[in-house]
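So this one's protein-v6.csv, CSV, C-alpha atoms:
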```
chain,number,residue,atom,x,y,z
A,1321,MET,CA,-43.2,-35.5,-32.9
A,1322,SER,CA,-42.1,-32.0,-32.4
A,1323,ASP,CA,-42.1,-32.2,-28.5
A,1324,ALA,CA,-40.0,-35.4,-28.3
A,1325,GLY,CA,-37.1,-33.9,-26.3
A,1326,PHE,CA,-39.1,-31.2,-24.5
A,1327,ILE,CA,-39.9,-31.4,-20.7
A,1328,GLY,CA,-42.9,-29.3,-19.7
A,1329,PRO,CA,-43.2,-27.4,-16.4
A,1330,GLY,CA,-45.2,-30.2,-14.7
A,1331,GLN,CA,-42.7,-32.8,-15.7
A,1332,LEU,CA,-39.8,-30.6,-14.5
A,1333,ASN,CA,-41.4,-30.1,-11.0
A,1334,ALA,CA,-42.0,-33.9,-10.8
A,1335,SER,CA,-38.4,-34.6,-11.8
A,1336,LEU,CA,-37.0,-32.1,-9.3
A,1337,SER,CA,-39.3,-33.5,-6.5
A,1338,ASN,CA,-37.8,-37.0,-7.2
A,1339,MET,CA,-34.2,-35.7,-7.1
A,1340,LEU,CA,-34.7,-33.3,-4.2
A,1341,PRO,CA,-37.3,-34.7,-1.9
A,1342,ASP,CA,-36.4,-32.5,1.1
A,1343,VAL,CA,-37.0,-29.2,-0.8
A,1344,ALA,CA,-40.5,-28.0,-1.3
A,1345,LEU,CA,-41.3,-26.8,-4.7
A,1346,SER,CA,-43.4,-23.7,-5.2
A,1347,PRO,CA,-46.1,-23.6,-7.8
A,1348,GLY,CA,-44.0,-21.3,-9.9
A,1349,GLY,CA,-41.3,-23.9,-10.2
A,1350,GLY,CA,-38.6,-22.5,-7.9
A,1351,ALA,CA,-36.6,-25.3,-6.4
A,1352,LEU,CA,-34.8,-23.5,-3.5
A,1353,ALA,CA,-36.4,-22.4,-0.3
A,1354,SER,CA,-35.7,-18.8,0.8
A,1355,SER,CA,-33.8,-20.0,3.9
A,1356,THR,CA,-31.4,-21.9,1.7
A,1357,VAL,CA,-30.8,-18.8,-0.4
A,1358,SER,CA,-30.3,-16.7,2.8
A,1359,ALA,CA,-27.8,-19.3,4.2
A,1360,GLY,CA,-25.9,-19.3,0.9
A,1361,ALA,CA,-25.8,-15.5,0.8
A,1362,ALA,CA,-24.6,-15.3,4.4
A,1363,GLY,CA,-21.9,-17.9,3.7
A,1364,LEU,CA,-20.7,-16.1,0.6
A,1365,SER,CA,-20.8,-12.8,2.5
A,1366,ALA,CA,-18.6,-14.3,5.2
A,1367,VAL,CA,-16.1,-15.7,2.7
A,1368,GLY,CA,-16.0,-12.4,0.9
A,1369,SER,CA,-15.4,-10.5,4.1
A,1370,LEU,CA,-12.6,-12.8,5.1
A,1371,LEU,CA,-11.0,-12.6,1.6
A,1372,SER,CA,-11.3,-8.8,1.7
A,1373,GLY,CA,-9.6,-8.7,5.1
A,1374,ILE,CA,-6.8,-10.9,3.9
A,1375,GLY,CA,-6.4,-8.8,0.9
A,1376,SER,CA,-6.2,-5.7,3.1
A,1377,LEU,CA,-3.5,-7.3,5.2
A,1378,VAL,CA,-1.4,-8.4,2.1
A,1379,ALA,CA,-1.8,-4.9,0.5
A,1380,GLY,CA,-0.7,-3.2,3.8
A,1381,ASN,CA,2.3,-5.4,4.0
A,1382,HIS,CA,3.3,-4.7,0.4
A,1383,LYS,CA,2.9,-1.0,0.9
A,1384,ALA,CA,4.9,-1.1,4.1
A,1385,THR,CA,7.7,-2.9,2.3
A,1386,ALA,CA,7.7,-0.3,-0.5
A,1387,GLU,CA,7.8,2.5,2.1
A,1388,ARG,CA,10.8,0.9,3.9
A,1389,TYR,CA,12.5,0.6,0.5
A,1390,ALA,CA,11.7,4.3,-0.2
A,1391,ALA,CA,13.2,5.2,3.2
A,1392,THR,CA,16.4,3.4,2.3
A,1393,GLN,CA,16.5,5.2,-1.1
A,1394,ALA,CA,16.0,8.6,0.6
A,1395,ASN,CA,18.9,8.0,2.9
A,1396,ASP,CA,21.1,6.8,0.1
A,1397,GLU,CA,20.2,9.8,-2.1
A,1398,ALA,CA,20.8,12.2,0.8
A,1399,GLY,CA,24.4,10.8,1.1
A,1400,VAL,CA,25.0,11.2,-2.6
A,1401,ASN,CA,23.5,14.8,-2.6
A,1402,ALA,CA,25.6,15.7,0.4
A,1403,GLN,CA,28.7,14.5,-1.4
A,1404,ILE,CA,27.8,16.5,-4.5
A,1405,ALA,CA,27.2,19.6,-2.4
A,1406,LEU,CA,30.7,19.2,-0.9
A,1407,GLN,CA,32.3,18.7,-4.3
A,1408,GLU,CA,30.5,21.7,-5.7
A,1409,GLY,CA,31.7,23.8,-2.7
A,1410,ASP,CA,35.2,22.6,-3.2
A,1411,GLN,CA,35.1,23.5,-6.9
A,1412,VAL,CA,33.8,27.0,-6.2
A,1413,ALA,CA,36.5,27.4,-3.5
A,1414,ALA,CA,39.2,26.2,-5.9
A,1415,ASP,CA,37.9,28.6,-8.6
A,1416,ALA,CA,38.0,31.5,-6.1
A,1417,ALA,CA,41.5,30.5,-5.0
A,1418,VAL,CA,42.7,30.5,-8.6
A,1419,GLN,CA,41.1,33.9,-9.2
A,1420,ALA,CA,42.7,35.3,-6.1
A,1421,ALA,CA,46.1,34.0,-7.1
A,1422,ALA,CA,45.7,35.2,-10.7
A,1423,ASN,CA,44.8,38.7,-9.5
A,1424,GLY,CA,47.9,38.9,-7.3
A,1425,GLY,CA,46.0,39.1,-4.1
A,1426,GLY,CA,47.2,35.8,-2.7
A,1427,PHE,CA,45.6,34.0,0.2
A,1428,VAL,CA,45.4,36.9,2.7
A,1429,GLY,CA,42.6,39.1,4.1
A,1430,SER,CA,39.4,39.0,2.2
A,1431,SER,CA,40.5,36.1,-0.1
A,1432,LEU,CA,40.8,33.9,3.0
A,1433,ALA,CA,37.5,35.1,4.3
A,1434,VAL,CA,35.8,34.3,1.0
A,1435,LEU,CA,37.4,30.8,0.9
A,1436,SER,CA,36.3,30.2,4.5
A,1437,SER,CA,32.8,31.4,3.8
A,1438,LEU,CA,32.6,29.1,0.7
A,1439,SER,CA,33.8,26.1,2.7
A,1440,GLN,CA,31.2,26.8,5.4
A,1441,GLN,CA,28.4,27.2,2.9
A,1442,ALA,CA,29.4,23.9,1.2
A,1443,MET,CA,29.3,22.1,4.6
A,1444,PHE,CA,25.9,23.7,5.4
A,1445,ASN,CA,24.5,22.6,2.0
A,1446,ALA,CA,25.8,19.0,2.6
A,1447,ARG,CA,24.3,18.9,6.1
A,1448,ALA,CA,21.0,20.3,4.7
A,1449,GLN,CA,20.9,17.5,2.1
A,1450,VAL,CA,21.5,14.9,4.8
A,1451,TYR,CA,18.8,16.4,7.0
A,1452,ARG,CA,16.3,16.5,4.1
A,1453,GLY,CA,17.0,12.8,3.3
A,1454,ARG,CA,16.7,11.7,6.9
A,1455,SER,CA,13.4,13.6,7.3
A,1456,GLU,CA,12.1,12.0,4.1
A,1457,ALA,CA,13.2,8.6,5.3
A,1458,GLN,CA,11.5,9.0,8.6
A,1459,GLN,CA,8.3,10.0,6.8
A,1460,HIS,CA,8.5,6.8,4.7
A,1461,LEU,CA,9.1,4.7,7.8
A,1462,TYR,CA,6.1,6.2,9.5
A,1463,ASN,CA,4.0,5.5,6.3
A,1464,ALA,CA,5.2,1.9,6.5
A,1465,LYS,CA,3.9,1.6,10.1
A,1466,VAL,CA,0.6,3.2,9.1
A,1467,ALA,CA,0.2,0.9,6.1
A,1468,LYS,CA,0.9,-2.2,8.2
A,1469,ALA,CA,-1.6,-1.1,10.9
A,1470,GLN,CA,-4.2,-0.4,8.2
A,1471,GLY,CA,-3.7,-3.9,6.8
A,1472,ARG,CA,-4.1,-5.4,10.2
A,1473,LEU,CA,-7.2,-3.3,10.8
A,1474,GLY,CA,-8.6,-4.4,7.4
A,1475,LEU,CA,-8.1,-8.1,8.5
A,1476,VAL,CA,-9.8,-7.6,11.8
A,1477,THR,CA,-12.7,-5.8,10.1
A,1478,GLY,CA,-13.0,-8.6,7.6
A,1479,ILE,CA,-13.0,-11.2,10.4
A,1480,LEU,CA,-15.7,-9.3,12.4
A,1481,SER,CA,-17.8,-8.8,9.3
A,1482,ALA,CA,-17.5,-12.5,8.5
A,1483,GLY,CA,-18.5,-13.3,12.1
A,1484,ALA,CA,-21.5,-11.0,11.8
A,1485,SER,CA,-22.6,-12.7,8.6
A,1486,LEU,CA,-22.3,-16.1,10.2
A,1487,ALA,CA,-24.2,-14.9,13.3
A,1488,THR,CA,-27.0,-13.7,11.0
A,1489,LEU,CA,-27.0,-17.1,9.5
A,1490,ALA,CA,-27.2,-18.8,12.9
A,1491,ALA,CA,-30.0,-16.6,14.0
A,1492,ALA,CA,-32.1,-17.4,11.0
```

Would you kindly transcribe this structure into structure tokens?
Amino acid sequence: MSDAGFIGPGQLNASLSNMLPDVALSPGGGALASSTVSAGAAGLSAVGSLLSGIGSLVAGNHKATAERYAATQANDEAGVNAQIALQEGDQVAADAAVQAAANGGGFVGSSLAVLSSLSQQAMFNARAQVYRGRSEAQQHLYNAKVAKAQGRLGLVTGILSAGASLATLAAA
């Protein structure tokens, strides 16, 4: 017999009717009622919304942590850059002092004015580096707050969306 292991459409419907007596079988052989499919879809939608919201919260927290780390780095780099600016200013001033002494002018008049100006310029450059670093750090801290708020908003949106899906399920 070539059809020994084969179950025909009529036999399949009869088998499913015995296993699932509460579910009406359509003539086409579909075993699930549309309300069951709708309920399953609404449930999956709710779960998906919740998972999406949780993912948004976690991503926001990770981004906030990265931004806080970047703020710390910006402050640290600003300190190093300020120190470099001061060292460069000291080097230029030392070179100018050597030139003034080598030319026999000594440390009087215009030589002192040049050294004072170089020192002031080095201090200005160092302060500018600190200000730049602090400004960058403040921007990173602001971005951290925004990322955290966006994560919380994503979670709330996910919860509300899940609630809407479940409300649709309850209304059906």

Problem set entry | Closest of A:Gln1441, A:Asn1423, A:Gln1407, A:Asn1395 to Ala1457 in chain A - atom-to-atom distances counting only C-alpha atoms |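 Residue with the minimum atom-to-atom distance to Ala1457 in chain A: A:Asn1395.
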
Exercise. Could you work out how far CA of Gln1440 in chain A lies from CA of Thr1392 in chain A, giving the answer in Å with one decimal?
Worked result: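 Going from CA of Thr1392 in chain A over to CA of Gln1440 in chain A, I get 27.9 Å.
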
Exercise. Do you know which residues are at most 12 Å from Val1367 in chain A counting all atoms listed in the file, after dropping those on the same chain fewer than 5 positions away, and could you put them as a list in words?
Worked result: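 Selected residues are Gly1360, Ala1361, Ala1362, Ser1372, Gly1373, Ile1374, Gly1478, Ile1479, Leu1480, Ser1481, Ala1482, Gly1483, Ala1484, Ser1485 and Leu1486 of chain A.
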
Exercise. Could you pull the residues within 9 Å of Arg1454 in chain A, counting all atoms listed in the file, minus those fewer than 6 positions along the same chain, as a list in words?
Worked result: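 The residues satisfying every condition are Ala1391, Ala1394, Asn1395 and Ala1398 of chain A.
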
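Take CA of Ser1455 in chain A and CA of Ala1405 in chain A: the distance between them is 17.9 Å.
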
Problem set entry | Computed interatomic separation between CA of Tyr1451 in chain A and CA of Asp1396 in chain A (Å) |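 Value for the CA of Tyr1451 in chain A-CA of Asp1396 in chain A distance: 12.0 Å.
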
Exercise. Which one is closest to Gly1375 in chain A: A:Ala1390, A:Leu1475, A:Val1400, A:Ala1416? Count only C-alpha atoms.
Worked result: A:Leu1475

Incomplete range 1428-1449 of chain A brought to N, CA and C atoms, written out as a short mmCIF file (atom, residue, chain, number, x, y, z; two decimals), in the frame of the given file:
```cif
data_model
loop_
_atom_site.label_atom_id
_atom_site.label_comp_id
_atom_site.auth_asym_id
_atom_site.auth_seq_id
_atom_site.Cartn_x
_atom_site.Cartn_y
_atom_site.Cartn_z
N VAL A 1428 45.37 36.05 1.48
CA VAL A 1428 45.40 36.90 2.70
C VAL A 1428 44.08 37.66 2.75
N GLY A 1429 43.75 38.14 3.92
CA GLY A 1429 42.60 39.10 4.10
C GLY A 1429 41.30 38.55 3.59
N SER A 1430 40.74 39.34 2.67
CA SER A 1430 39.40 39.00 2.20
C SER A 1430 39.36 37.75 1.35
N SER A 1431 40.44 37.39 0.71
CA SER A 1431 40.50 36.10 -0.10
C SER A 1431 40.31 34.95 0.87
N LEU A 1432 40.98 34.97 2.03
CA LEU A 1432 40.80 33.90 3.00
C LEU A 1432 39.41 33.87 3.57
N ALA A 1433 38.84 35.03 3.80
CA ALA A 1433 37.50 35.10 4.30
C ALA A 1433 36.49 34.53 3.34
N VAL A 1434 36.69 34.82 2.06
CA VAL A 1434 35.80 34.30 1.00
C VAL A 1434 35.92 32.77 0.95
N LEU A 1435 37.15 32.25 0.97
CA LEU A 1435 37.40 30.80 0.90
C LEU A 1435 36.75 30.12 2.15
N SER A 1436 36.90 30.72 3.32
CA SER A 1436 36.30 30.20 4.50
C SER A 1436 34.79 30.17 4.45
N SER A 1437 34.24 31.26 3.95
CA SER A 1437 32.80 31.40 3.80
C SER A 1437 32.26 30.32 2.80
N LEU A 1438 32.99 30.12 1.70
CA LEU A 1438 32.60 29.10 0.70
C LEU A 1438 32.63 27.72 1.30
N SER A 1439 33.64 27.45 2.10
CA SER A 1439 33.80 26.10 2.70
C SER A 1439 32.61 25.91 3.72
N GLN A 1440 32.29 26.95 4.50
CA GLN A 1440 31.20 26.80 5.40
C GLN A 1440 29.85 26.64 4.73
N GLN A 1441 29.68 27.35 3.63
CA GLN A 1441 28.40 27.20 2.90
C GLN A 1441 28.31 25.83 2.26
N ALA A 1442 29.40 25.27 1.77
CA ALA A 1442 29.40 23.90 1.20
C ALA A 1442 29.01 22.90 2.30
N MET A 1443 29.59 23.06 3.49
CA MET A 1443 29.30 22.10 4.60
C MET A 1443 27.82 22.28 5.01
N PHE A 1444 27.32 23.52 5.04
CA PHE A 1444 25.90 23.70 5.40
C PHE A 1444 25.00 23.05 4.35
N ASN A 1445 25.32 23.21 3.07
CA ASN A 1445 24.50 22.60 2.00
C ASN A 1445 24.53 21.06 2.13
N ALA A 1446 25.69 20.50 2.44
CA ALA A 1446 25.80 19.00 2.60
C ALA A 1446 24.95 18.57 3.78
N ARG A 1447 25.05 19.30 4.90
CA ARG A 1447 24.30 18.90 6.10
C ARG A 1447 22.75 19.06 5.80
N ALA A 1448 22.38 20.09 5.06
CA ALA A 1448 21.00 20.30 4.70
C ALA A 1448 20.47 19.12 3.86
N GLN A 1449 21.31 18.61 2.97
CA GLN A 1449 20.90 17.50 2.10
C GLN A 1449 20.72 16.22 3.00
#
```
